[in-house]
file entry-v6.csv (CSV, C-alpha atoms and all ligand atoms)
chain,number,residue,atom,x,y,z
A,315,MET,CA,-17.5,-4.2,8.8
A,316,ILE,CA,-16.0,-6.6,6.3
A,317,ARG,CA,-12.4,-7.7,6.7
A,318,ILE,CA,-10.3,-9.4,4.0
A,319,ASP,CA,-7.5,-11.7,5.0
A,320,GLY,CA,-4.2,-11.8,3.2
A,321,LYS,CA,-5.6,-14.1,0.5
A,322,GLY,CA,-8.4,-11.7,-0.3
A,323,LEU,CA,-11.0,-14.0,1.1
A,324,LEU,CA,-13.8,-12.5,3.1
A,325,LEU,CA,-13.7,-13.5,6.7
A,326,THR,CA,-17.4,-12.8,7.4
A,327,GLY,CA,-20.6,-13.8,5.7
A,328,LEU,CA,-20.2,-12.9,2.1
A,329,PHE,CA,-18.0,-14.8,-0.2
A,330,PHE,CA,-16.1,-13.8,-3.3
A,331,ALA,CA,-12.8,-15.0,-4.5
A,332,ALA,CA,-10.5,-12.1,-5.2
A,333,ALA,CA,-8.9,-12.4,-8.6
A,334,GLY,CA,-5.4,-13.7,-8.2
A,335,ALA,CA,-5.1,-12.2,-4.8
A,336,SER,CA,-4.8,-15.5,-3.2
A,337,GLY,CA,-1.0,-15.6,-3.4
A,338,CYS,CA,-1.2,-19.3,-2.8
A,339,GLY,CA,-0.7,-20.3,-6.4
A,340,ARG,CA,-4.2,-21.7,-6.9
A,341,LYS,CA,-6.0,-19.7,-9.6
A,342,GLU,CA,-9.2,-18.9,-7.8
A,343,GLU,CA,-12.4,-19.0,-9.8
A,344,LEU,CA,-13.4,-15.4,-10.4
A,345,GLN,CA,-16.9,-15.5,-9.0
A,346,THR,CA,-17.2,-12.1,-7.5
A,347,GLU,CA,-20.5,-10.9,-6.4
A,348,THR,CA,-21.3,-7.5,-5.0
A,349,PRO,CA,-21.4,-7.8,-1.2
A,350,GLN,CA,-25.1,-8.1,-0.3
A,351,ALA,CA,-25.1,-4.6,1.2
A,352,GLN,CA,-27.4,-4.5,4.2
A,353,GLY,CA,-30.5,-2.8,2.8
A,354,ASP,CA,-29.4,0.2,0.8
A,355,SER,CA,-26.1,0.7,2.6
A,356,ILE,CA,-23.3,2.5,0.8
A,357,VAL,CA,-20.5,0.0,-0.1
A,358,VAL,CA,-17.0,1.6,0.4
A,359,GLY,CA,-13.8,-0.2,-0.5
A,360,PHE,CA,-10.9,1.1,1.6
A,361,SER,CA,-7.4,0.4,0.4
A,362,GLN,CA,-5.2,1.3,3.4
A,363,LEU,CA,-1.5,1.4,2.7
A,364,GLY,CA,-0.3,-0.6,5.7
A,365,SER,CA,-0.1,-0.8,9.5
A,366,GLU,CA,3.5,0.5,9.9
A,367,SER,CA,2.9,3.0,12.7
A,368,ASP,CA,0.8,4.0,15.7
A,369,TRP,CA,-0.4,6.9,13.5
A,370,ARG,CA,-1.6,4.5,10.8
A,371,SER,CA,-3.5,2.4,13.4
A,372,ALA,CA,-5.2,5.5,14.7
A,373,TYR,CA,-6.1,6.4,11.1
A,374,THR,CA,-7.6,3.0,10.3
A,375,LYS,CA,-9.6,3.1,13.6
A,376,SER,CA,-11.0,6.5,12.7
A,377,ILE,CA,-12.2,5.1,9.3
A,378,GLU,CA,-13.7,1.9,10.9
A,379,GLU,CA,-15.5,4.1,13.5
A,380,ALA,CA,-17.0,6.4,10.8
A,381,PHE,CA,-18.0,3.8,8.2
A,382,THR,CA,-20.2,1.6,10.3
A,383,GLU,CA,-23.4,-0.2,9.3
A,384,GLU,CA,-25.3,2.1,11.7
A,385,ASN,CA,-24.0,5.0,9.7
A,386,GLY,CA,-25.3,3.4,6.5
A,387,TYR,CA,-22.1,1.8,5.2
A,388,THR,CA,-20.7,-1.6,4.3
A,389,LEU,CA,-16.9,-1.1,4.6
A,390,VAL,CA,-14.6,-3.5,2.7
A,391,PHE,CA,-11.1,-3.1,4.1
A,392,ASP,CA,-7.8,-4.1,2.6
A,393,ASN,CA,-4.3,-3.7,4.2
A,394,GLY,CA,-1.8,-3.1,1.4
A,395,ARG,CA,1.1,-4.0,3.8
A,396,GLN,CA,3.3,-1.1,2.5
A,397,ARG,CA,3.3,-2.4,-1.1
A,398,GLN,CA,1.7,-0.5,-4.0
A,399,GLU,CA,1.1,-3.7,-6.0
A,400,ASN,CA,-1.2,-4.9,-3.1
A,401,GLN,CA,-3.1,-1.7,-3.2
A,402,LEU,CA,-3.5,-1.9,-7.0
A,403,LYS,CA,-4.9,-5.4,-6.6
A,404,ALA,CA,-7.3,-4.2,-3.9
A,405,VAL,CA,-8.6,-1.3,-6.0
A,406,ARG,CA,-9.2,-3.7,-8.9
A,407,ASN,CA,-11.1,-6.1,-6.6
A,408,PHE,CA,-13.3,-3.2,-5.4
A,409,ILE,CA,-14.0,-2.4,-9.1
A,410,LEU,CA,-14.9,-6.0,-9.8
A,411,GLN,CA,-17.2,-6.0,-6.7
A,412,GLU,CA,-18.8,-2.8,-8.1
A,413,VAL,CA,-18.5,-1.0,-4.7
A,414,ASP,CA,-20.1,2.5,-4.6
A,415,TYR,CA,-17.0,4.4,-3.5
A,416,ILE,CA,-13.3,3.7,-3.3
A,417,LEU,CA,-11.2,5.2,-0.5
A,418,LEU,CA,-7.5,5.1,-1.2
A,419,SER,CA,-4.6,6.0,1.2
A,420,PRO,CA,-1.7,5.7,-1.3
A,421,VAL,CA,1.7,4.4,-0.1
A,422,VAL,CA,3.5,6.6,-2.6
A,423,GLU,CA,2.3,9.4,-4.9
A,424,THR,CA,3.0,8.0,-8.4
A,425,GLY,CA,1.7,4.9,-10.3
A,426,TRP,CA,-2.0,5.3,-9.9
A,427,ASP,CA,-3.1,6.7,-13.2
A,428,SER,CA,-4.3,3.5,-14.9
A,429,VAL,CA,-6.1,2.0,-12.0
A,430,LEU,CA,-7.9,5.3,-11.3
A,431,GLN,CA,-8.9,5.4,-14.9
A,432,GLU,CA,-10.4,1.9,-14.6
A,433,ALA,CA,-12.4,3.1,-11.5
A,434,LYS,CA,-13.5,6.2,-13.5
A,435,ASP,CA,-14.6,4.0,-16.4
A,436,ALA,CA,-16.6,1.9,-13.9
A,437,ASP,CA,-18.2,5.1,-12.6
A,438,ILE,CA,-16.8,4.5,-9.1
A,439,PRO,CA,-15.8,7.8,-7.4
A,440,VAL,CA,-12.4,7.7,-5.6
A,441,LEU,CA,-11.6,9.7,-2.5
A,442,VAL,CA,-7.9,9.9,-1.8
A,443,ALA,CA,-7.0,10.2,1.9
A,444,ASP,CA,-4.0,11.0,4.0
A,445,ARG,CA,-1.2,10.9,1.4
A,446,GLU,CA,-1.7,12.2,-2.1
A,447,VAL,CA,-1.6,10.8,-5.7
A,448,ASP,CA,0.4,12.5,-8.4
A,449,VAL,CA,-1.7,11.9,-11.6
A,450,GLU,CA,-1.9,13.6,-15.0
A,451,ASP,CA,-5.6,14.0,-14.9
A,452,GLU,CA,-6.9,15.4,-11.6
A,453,SER,CA,-10.5,14.3,-12.6
A,454,LEU,CA,-9.4,10.7,-11.8
A,455,TYR,CA,-10.2,11.3,-8.2
A,456,THR,CA,-13.1,13.3,-6.7
A,457,ALA,CA,-11.4,14.8,-3.6
A,458,TRP,CA,-8.4,14.5,-1.2
A,459,VAL,CA,-8.4,14.8,2.6
A,460,GLY,CA,-5.2,15.0,4.5
A,461,SER,CA,-2.4,17.1,6.0
A,462,ASP,CA,-0.5,19.9,4.4
A,463,PHE,CA,2.8,18.1,4.7
A,464,LYS,CA,4.9,20.9,3.3
A,465,ALA,CA,3.4,23.2,5.9
A,466,GLU,CA,4.3,20.7,8.6
A,467,GLY,CA,8.0,20.7,7.4
A,468,THR,CA,8.1,24.5,7.2
A,469,ALA,CA,6.5,24.9,10.6
A,470,MET,CA,9.2,22.7,12.2
A,471,GLY,CA,12.0,24.6,10.5
A,472,GLN,CA,10.5,27.8,11.8
A,473,TRP,CA,10.1,26.3,15.3
A,474,LEU,CA,13.9,25.4,15.2
A,475,GLU,CA,14.8,29.0,14.1
A,476,THR,CA,12.9,30.4,17.1
A,477,TYR,CA,14.3,27.8,19.5
A,478,LEU,CA,17.9,28.5,18.5
A,479,GLU,CA,17.4,32.3,18.7
A,480,GLU,CA,16.1,31.9,22.2
A,481,GLN,CA,19.3,30.0,23.1
A,482,GLY,CA,21.4,32.7,21.4
A,483,ARG,CA,22.6,30.0,18.9
A,484,GLU,CA,21.4,31.6,15.7
A,485,ASN,CA,25.0,32.0,14.4
A,486,GLU,CA,26.3,28.7,15.7
A,487,GLU,CA,27.2,25.8,13.3
A,488,ILE,CA,24.1,23.5,13.6
A,489,ASN,CA,24.7,20.0,12.4
A,490,ILE,CA,21.4,18.3,11.4
A,491,VAL,CA,20.5,14.7,10.5
A,492,ILE,CA,17.1,13.8,9.0
A,493,LEU,CA,15.2,10.4,9.3
A,494,GLN,CA,12.9,10.5,6.3
A,495,GLY,CA,9.7,8.6,6.0
A,496,THR,CA,8.8,6.2,3.1
A,497,LEU,CA,10.6,7.8,0.1
A,498,GLY,CA,8.1,9.2,-2.4
A,499,SER,CA,5.3,9.4,0.0
A,500,SER,CA,3.6,12.8,0.4
A,501,ALA,CA,4.5,12.9,4.1
A,502,GLU,CA,8.2,12.4,3.2
A,503,ILE,CA,8.2,14.8,0.2
A,504,GLY,CA,6.4,17.6,2.0
A,505,ARG,CA,8.2,17.3,5.4
A,506,THR,CA,11.6,17.2,3.6
A,507,GLU,CA,10.8,20.1,1.2
A,508,GLY,CA,9.3,22.3,3.9
A,509,PHE,CA,12.1,21.9,6.4
A,510,GLU,CA,14.9,22.2,3.8
A,511,GLU,CA,13.3,25.4,2.5
A,512,ILE,CA,13.9,27.0,5.9
A,513,ALA,CA,17.3,25.3,6.4
A,514,SER,CA,18.5,26.8,3.1
A,515,GLN,CA,18.0,30.3,4.6
A,516,HIS,CA,20.6,29.5,7.3
A,517,PRO,CA,24.2,29.0,5.9
A,518,ASN,CA,25.2,27.9,9.5
A,519,TRP,CA,22.7,24.9,9.4
A,520,ASN,CA,24.5,21.8,8.0
A,521,ILE,CA,22.2,18.9,6.9
A,522,LEU,CA,24.9,16.2,7.4
A,523,ALA,CA,22.6,13.4,6.1
A,524,LYS,CA,19.1,12.4,5.3
A,525,GLU,CA,18.0,8.7,4.9
A,526,THR,CA,14.8,6.8,5.1
A,527,GLY,CA,13.8,5.0,8.2
A,528,GLU,CA,10.6,3.9,6.3
A,529,PHE,CA,8.4,5.3,9.1
A,530,THR,CA,9.2,2.3,11.4
A,531,THR,CA,10.9,2.1,14.8
A,532,ALA,CA,13.3,-0.7,13.7
A,533,LYS,CA,14.5,1.0,10.6
A,534,GLY,CA,14.7,4.4,12.4
A,535,ARG,CA,16.9,2.9,15.0
A,536,GLU,CA,19.2,1.2,12.5
A,537,VAL,CA,19.7,4.5,10.5
A,538,MET,CA,20.2,6.5,13.6
A,539,GLU,CA,22.9,4.1,14.8
A,540,ALA,CA,24.7,4.7,11.5
A,541,PHE,CA,24.4,8.5,11.9
A,542,LEU,CA,25.8,8.3,15.4
A,543,ASP,CA,28.7,6.2,14.2
A,544,ARG,CA,29.4,8.6,11.4
A,545,TYR,CA,29.0,12.0,13.1
A,546,ALA,CA,30.6,13.0,16.5
A,547,ASP,CA,28.7,16.3,16.6
A,548,ILE,CA,25.0,16.1,15.9
A,549,ASP,CA,23.0,19.1,17.2
A,550,VAL,CA,19.5,18.3,15.7
A,551,LEU,CA,17.6,15.2,14.7
A,552,VAL,CA,14.6,15.7,12.5
A,553,SER,CA,12.6,12.5,12.4
A,554,GLN,CA,9.6,12.4,10.1
A,555,ASN,CA,7.4,10.3,12.4
A,556,ASP,CA,7.2,9.3,16.0
A,557,ASP,CA,7.7,5.6,15.3
A,558,MET,CA,11.2,6.3,13.9
A,559,THR,CA,11.9,8.7,16.7
A,560,PHE,CA,11.2,5.9,19.3
A,561,GLY,CA,13.9,3.9,17.5
A,562,ALA,CA,16.3,6.8,17.3
A,563,LEU,CA,16.0,7.5,21.0
A,564,GLU,CA,16.9,3.9,21.7
A,565,ALA,CA,20.0,4.3,19.5
A,566,MET,CA,21.1,7.5,21.3
A,567,ASP,CA,20.6,5.8,24.7
A,568,GLU,CA,22.8,2.9,23.6
A,569,ASP,CA,25.4,5.3,22.2
A,570,GLY,CA,25.4,7.4,25.4
A,571,ARG,CA,24.4,10.6,23.6
A,572,THR,CA,22.1,13.0,25.4
A,573,TYR,CA,19.1,14.5,23.8
A,574,GLY,CA,15.9,16.5,24.4
A,575,THR,CA,15.4,19.7,26.5
A,576,GLU,CA,18.6,19.0,28.6
A,577,GLY,CA,20.7,17.1,26.0
A,578,GLU,CA,23.1,17.9,23.2
A,579,ILE,CA,20.8,16.6,20.4
A,580,THR,CA,17.5,18.5,19.9
A,581,VAL,CA,14.8,16.1,18.8
A,582,LEU,CA,12.1,17.2,16.3
A,583,SER,CA,9.3,14.7,15.4
A,584,PHE,CA,6.0,14.4,13.5
A,585,ASP,CA,2.7,12.7,14.3
A,586,ALA,CA,2.3,13.6,18.0
A,587,VAL,CA,0.9,10.1,18.9
A,588,SER,CA,0.2,9.4,22.5
A,589,ALA,CA,3.5,7.7,23.3
A,590,ALA,CA,5.3,10.8,22.0
A,591,PHE,CA,3.3,12.9,24.5
A,592,ASP,CA,4.8,10.8,27.3
A,593,LEU,CA,8.3,11.5,25.9
A,594,MET,CA,7.6,15.2,25.5
A,595,GLU,CA,6.5,15.4,29.1
A,596,GLU,CA,9.8,13.7,30.0
A,597,GLY,CA,11.6,16.4,27.9
A,598,LYS,CA,12.9,13.7,25.5
A,599,ILE,CA,11.3,15.2,22.4
A,600,ASN,CA,11.7,19.0,22.0
A,601,ALA,CA,8.8,19.5,19.5
A,602,ASP,CA,6.3,17.3,17.7
A,603,HIS,CA,4.2,18.4,14.8
A,604,GLU,CA,0.8,16.8,15.0
A,605,CYS,CA,-0.5,14.9,12.0
A,606,ASN,CA,-4.2,14.4,12.4
A,607,PRO,CA,-5.3,10.9,11.6
A,608,ILE,CA,-8.9,11.4,12.7
A,609,GLN,CA,-10.2,11.9,9.1
A,610,GLY,CA,-13.0,9.3,9.1
A,611,PRO,CA,-15.8,11.6,10.1
A,612,LEU,CA,-14.9,14.2,7.4
A,613,LEU,CA,-14.6,11.5,4.7
A,614,SER,CA,-18.0,10.0,5.7
A,615,GLU,CA,-19.5,13.5,5.5
A,616,LEU,CA,-18.1,14.0,2.0
A,617,ILE,CA,-19.6,10.7,0.8
A,618,LYS,CA,-23.0,11.6,2.2
A,619,LYS,CA,-22.8,14.9,0.4
A,620,LEU,CA,-22.0,13.1,-2.9
A,621,GLU,CA,-24.9,10.7,-2.3
A,622,ALA,CA,-27.1,13.7,-1.9
A,623,GLY,CA,-25.9,15.0,-5.3
A,624,GLU,CA,-24.0,18.0,-3.7
A,625,THR,CA,-20.6,19.2,-5.1
A,626,ILE,CA,-17.6,19.1,-2.8
A,627,GLU,CA,-14.2,20.7,-2.8
A,628,LYS,CA,-11.2,19.0,-4.3
A,629,ALA,CA,-9.0,19.2,-1.2
A,630,TYR,CA,-9.6,19.4,2.5
A,631,TYR,CA,-6.7,20.0,4.9
A,632,VAL,CA,-7.1,18.8,8.5
A,633,GLU,CA,-6.2,21.2,11.3
A,634,GLU,CA,-2.8,20.6,13.0
A,635,GLN,CA,-0.4,22.2,15.5
A,636,ILE,CA,3.0,21.8,17.1
A,637,PHE,CA,3.3,20.4,20.6
A,638,THR,CA,6.3,20.8,23.0
A,639,PRO,CA,7.1,19.8,26.6
A,640,GLU,CA,5.7,23.1,27.7
A,641,ASN,CA,2.2,22.5,26.2
A,642,ALA,CA,2.0,18.7,26.0
A,643,ALA,CA,0.2,18.0,29.3
A,644,ALA,CA,-2.4,20.6,28.7
A,645,ASN,CA,-3.2,19.4,25.2
A,646,ARG,CA,-3.3,15.7,25.5
A,647,GLN,CA,-6.4,14.8,27.5
A,648,GLU,CA,-9.0,15.1,24.8
A,649,ARG,CA,-6.9,13.4,22.1
A,650,MET,CA,-8.1,10.1,20.7
A,651,TYR,CA,-4.8,8.5,19.9
B,701,LIG,C1,1.1,11.1,7.4
B,701,LIG,C2,1.1,9.7,7.2
B,701,LIG,C3,2.4,9.1,7.7
B,701,LIG,C4,2.6,9.3,9.2
B,701,LIG,C5,3.4,8.1,9.5
B,701,LIG,O1,-0.2,11.6,7.1
B,701,LIG,O2,1.1,9.4,5.8
B,701,LIG,O3,2.4,7.7,7.5
B,701,LIG,O4,3.3,10.5,9.5
B,701,LIG,C6,2.7,7.1,8.7
B,701,LIG,O5,3.4,7.7,10.9
B,701,LIG,O6,3.5,6.0,8.5
B,702,ZN,ZN,27.3,21.2,17.1
call {"tool": "encode", "arguments": {"input": "entry-v6.csv", "output": "structure tokens"}}
result
Amino acid sequence: MIRIDGKGLLLTGLFFAAAGASGCGRKEELQTETPQAQGDSIVVGFSQLGSESDWRSAYTKSIEEAFTEENGYTLVFDNGRQRQENQLKAVRNFILQEVDYILLSPVVETGWDSVLQEAKDADIPVLVADREVDVEDESLYTAWVGSDFKAEGTAMGQWLETYLEEQGRENEEINIVILQGTLGSSAEIGRTEGFEEIASQHPNWNILAKETGEFTTAKGREVMEAFLDRYADIDVLVSQNDDMTFGALEAMDEDGRTYGTEGEITVLSFDAVSAAFDLMEEGKINADHECNPIQGPLLSELIKKLEAGETIEKAYYVEEQIFTPENAAANRQERMY
């Protein structure tokens, strides 16, 4: 497992100076050399978009546990810290190092065409993981593994329909606020589109506001505070990941607003990380759509297939479900995050 610090320098054994990635002004001599892969290990460059959420940390852990030396890999990891330009630099470094495969978890969907063309010109297959890329030429990447984000959004809209019917509130005015994830990310695009498609079928559902909380607790809290100041009557919060939900709950506590199974504000969330299971068991989150970050094993299996000259599908969706206070306890024990 090879880690790169913020300046693009390897922290273990092998040395190469990443072109211009130092960020400290010194123009580093570009003396890259392909990491001396142990034996004939497969060198995989992984450009992770950041470390913004519990979910993201679980995702990174899943990759690190799948791409080990014992499994025949040399993993070169780069944390893009939520900025596309850092990811573009990382991918170009991987090309310079002539890695065998590039794994990309893109912070947003657009802006990847040229760097993926460079990887293709260098004959380095790219696997896109978690979020999606929106490129003209689909041949610029070999396969994508992730969640069907639109299906997640739709499923939560349908869950709310059923929930309101069960309460005899299907004709009541329902005021909704939405905490969106990183704007332009597949998770934000799909969850927004899917939920709004269902909402548009209910004239009595009013989406009062939707703003990005950037998938973080701090920003989620800040935006929820603004929503609470602006709207006296909020019936539903749709928060596009648990980290923002944690911040929103703090804001509601501070504002004295009740929420959850016994409160005035129904809380819908996404990711279903471990801390969210605790909150569901306390009845503070009404429903949480799982987003499955355990994608390392499948990605490793796909690379092994490619190594063996097998063809693989273009897209692989991971299995996901909705958890609620009713089923949270029963479902959580075997979960890894
Ligand atoms: C979804 C993933 C999202 C998570 C957030 O697959 O891209 O990014 O829902 C994370 O927690 O920040
Ligand atoms: Zn109301």
call {"tool": "residues_around", "arguments": {"input": "entry-v6.csv", "residues": "Ile492 in chain A", "least_positions_apart": "6", "cutoff": "8 Å", "atoms": "all atoms listed in the file", "output": "list in words"}}
result
Ile521, Ala523, Lys524, Glu525, Leu551, Val552, Ser553 and Gln554 of chain A
call {"tool": "residues_near_ligand", "arguments": {"input": "entry-v6.csv", "ligand": "ligand ZN 702 (chain B)", "cutoff": "7 Å", "atoms": "all atoms listed in the file", "output": "JSON, numbers by chain"}}
result
{"A": [487, 488, 489, 547, 548, 549]}
call {"tool": "residues_near_ligand", "arguments": {"input": "entry-v6.csv", "ligand": "ligand LIG 701 (chain B)", "cutoff": "10 Å", "atoms": "only C-alpha atoms and all ligand atoms", "output": "NGL selection string"}}
result
:A and (363-373 or 396 or 419-422 or 443-446 or 459-463 or 495-496 or 499-502 or 504-505 or 528-530 or 553-558 or 583-587 or 603-607)
call {"tool": "residues_around", "arguments": {"input": "entry-v6.csv", "residues": "Tyr477 in chain A", "least_positions_apart": "3", "cutoff": "12 Å", "atoms": "only C-alpha atoms", "output": "ChimeraX atom specification"}}
result
/A:470-474,480-484,550,575,580-582,600-601,638
call {"tool": "residues_around", "arguments": {"input": "entry-v6.csv", "residues": "Asp451 in chain A", "least_positions_apart": "4", "cutoff": "10 Å", "atoms": "all atoms listed in the file", "output": "list in words"}}
result
Asp427, Leu430, Gln431 and Tyr455 of chain A
call {"tool": "write_last_selection", "arguments": {"input": "entry-v6.csv", "atoms": "C-alpha atoms", "output": "mmCIF file, in the frame of the given file"}}
result
data_model
loop_
_atom_site.group_PDB
_atom_site.id
_atom_site.type_symbol
_atom_site.label_atom_id
_atom_site.label_comp_id
_atom_site.auth_asym_id
_atom_site.auth_seq_id
_atom_site.Cartn_x
_atom_site.Cartn_y
_atom_site.Cartn_z
ATOM 1 C CA ASP A 427 -3.100 6.700 -13.200
ATOM 2 C CA LEU A 430 -7.900 5.300 -11.300
ATOM 3 C CA GLN A 431 -8.900 5.400 -14.900
ATOM 4 C CA TYR A 455 -10.200 11.300 -8.200
#
call {"tool": "closest_residue", "arguments": {"input": "entry-v6.csv", "among": "A:Arg544, A:Val405, A:Tyr573, A:Tyr630", "to": "Leu522 in chain A", "atoms": "all atoms listed in the file"}}
result
A:Arg544
call {"tool": "atom_distance", "arguments": {"input": "entry-v6.csv", "atom1": "CA of Val537 in chain A", "atom2": "CA of Leu497 in chain A"}}
result
14.2 Å
call {"tool": "atom_distance", "arguments": {"input": "entry-v6.csv", "atom1": "CA of Val357 in chain A", "atom2": "CA of Val390 in chain A"}}
result
7.4 Å
call {"tool": "atom_distance", "arguments": {"input": "entry-v6.csv", "atom1": "CA of Ile512 in chain A", "atom2": "CA of Ala590 in chain A"}}
result
24.4 Å
call {"tool": "closest_residue", "arguments": {"input": "entry-v6.csv", "among": "A:Tyr631, A:Tyr415, A:Phe637, A:Trp458", "to": "Met594 in chain A", "atoms": "all atoms listed in the file"}}
result
A:Phe637
call {"tool": "residues_around", "arguments": {"input": "entry-v6.csv", "residues": "range 618-627 of chain A", "least_positions_apart": "4", "cutoff": "9 Å", "atoms": "only C-alpha atoms", "output": "PDB file with C-alpha atoms, in the coordinates of the input"}}
result
ATOM      1  CA  ILE A 356     -23.300   2.500   0.800  1.00  0.00           C
ATOM      2  CA  THR A 456     -13.100  13.300  -6.700  1.00  0.00           C
ATOM      3  CA  ALA A 457     -11.400  14.800  -3.600  1.00  0.00           C
ATOM      4  CA  TRP A 458      -8.400  14.500  -1.200  1.00  0.00           C
ATOM      5  CA  LEU A 613     -14.600  11.500   4.700  1.00  0.00           C
ATOM      6  CA  SER A 614     -18.000  10.000   5.700  1.00  0.00           C
TER       7      SER A 614
END
call {"tool": "residues_around", "arguments": {"input": "entry-v6.csv", "residues": "Ile438 in chain A", "least_positions_apart": "2", "cutoff": "8 Å", "atoms": "only C-alpha atoms", "output": "ChimeraX atom specification"}}
result
/A:409,412-416,433-436,440
call {"tool": "residues_near_point", "arguments": {"input": "entry-v6.csv", "point": "(8.5, 25.8, 1.0)", "cutoff": "8 Å", "atoms": "all atoms listed in the file", "output": "JSON, numbers by chain"}}
result
{"A": [464, 465, 468, 507, 508, 509, 510, 511, 512]}
call {"tool": "closest_residue", "arguments": {"input": "entry-v6.csv", "among": "A:Asp567, A:Ser376, A:Glu432, A:Leu616", "to": "Lys628 in chain A", "atoms": "all atoms listed in the file"}}
result
A:Leu616
call {"tool": "build_atoms", "arguments": {"input": "entry-v6.csv", "residues": "range 635-640 of chain A", "atoms": "all heavy atoms", "output": "mmCIF file, in the coordinates of the input"}}
result
data_model
loop_
_atom_site.group_PDB
_atom_site.id
_atom_site.type_symbol
_atom_site.label_atom_id
_atom_site.label_comp_id
_atom_site.auth_asym_id
_atom_site.auth_seq_id
_atom_site.Cartn_x
_atom_site.Cartn_y
_atom_site.Cartn_z
ATOM 1 N N GLN A 635 -1.224 21.205 14.792
ATOM 2 C CA GLN A 635 -0.400 22.200 15.500
ATOM 3 C C GLN A 635 0.881 21.500 16.014
ATOM 4 O O GLN A 635 1.028 20.291 15.903
ATOM 5 C CB GLN A 635 -1.164 22.765 16.689
ATOM 6 C CG GLN A 635 -1.606 21.691 17.688
ATOM 7 C CD GLN A 635 -2.320 22.294 18.884
ATOM 8 O OE1 GLN A 635 -1.866 23.266 19.460
ATOM 9 N NE2 GLN A 635 -3.435 21.713 19.258
ATOM 10 N N ILE A 636 1.784 22.323 16.586
ATOM 11 C CA ILE A 636 3.000 21.800 17.100
ATOM 12 C C ILE A 636 2.906 21.675 18.648
ATOM 13 O O ILE A 636 2.417 22.600 19.300
ATOM 14 C CB ILE A 636 4.228 22.718 16.796
ATOM 15 C CG1 ILE A 636 4.480 22.691 15.284
ATOM 16 C CG2 ILE A 636 5.493 22.294 17.554
ATOM 17 C CD1 ILE A 636 5.616 23.598 14.817
ATOM 18 N N PHE A 637 3.307 20.523 19.185
ATOM 19 C CA PHE A 637 3.300 20.400 20.600
ATOM 20 C C PHE A 637 4.748 20.366 21.149
ATOM 21 O O PHE A 637 5.681 19.990 20.432
ATOM 22 C CB PHE A 637 2.615 19.043 21.009
ATOM 23 C CG PHE A 637 1.159 19.013 20.613
ATOM 24 C CD1 PHE A 637 0.734 18.212 19.561
ATOM 25 C CD2 PHE A 637 0.227 19.819 21.249
ATOM 26 C CE1 PHE A 637 -0.597 18.199 19.166
ATOM 27 C CE2 PHE A 637 -1.105 19.820 20.863
ATOM 28 C CZ PHE A 637 -1.523 19.014 19.815
ATOM 29 N N THR A 638 4.922 20.799 22.385
ATOM 30 C CA THR A 638 6.300 20.800 23.000
ATOM 31 C C THR A 638 6.093 20.385 24.464
ATOM 32 O O THR A 638 4.954 20.309 24.964
ATOM 33 C CB THR A 638 6.800 22.293 23.033
ATOM 34 O OG1 THR A 638 5.898 23.064 23.858
ATOM 35 C CG2 THR A 638 6.846 22.892 21.634
ATOM 36 N N PRO A 639 7.208 20.127 25.157
ATOM 37 C CA PRO A 639 7.100 19.800 26.600
ATOM 38 C C PRO A 639 6.288 20.802 27.382
ATOM 39 O O PRO A 639 5.590 20.471 28.324
ATOM 40 C CB PRO A 639 8.545 19.713 27.046
ATOM 41 C CG PRO A 639 9.282 19.304 25.805
ATOM 42 C CD PRO A 639 8.568 20.011 24.681
ATOM 43 N N GLU A 640 6.361 22.055 26.931
ATOM 44 C CA GLU A 640 5.700 23.100 27.700
ATOM 45 C C GLU A 640 4.136 22.957 27.569
ATOM 46 O O GLU A 640 3.409 23.183 28.510
ATOM 47 C CB GLU A 640 6.051 24.521 27.171
ATOM 48 C CG GLU A 640 7.485 24.940 27.508
ATOM 49 C CD GLU A 640 8.515 24.107 26.762
ATOM 50 O OE1 GLU A 640 8.302 23.842 25.552
ATOM 51 O OE2 GLU A 640 9.505 23.690 27.407
#
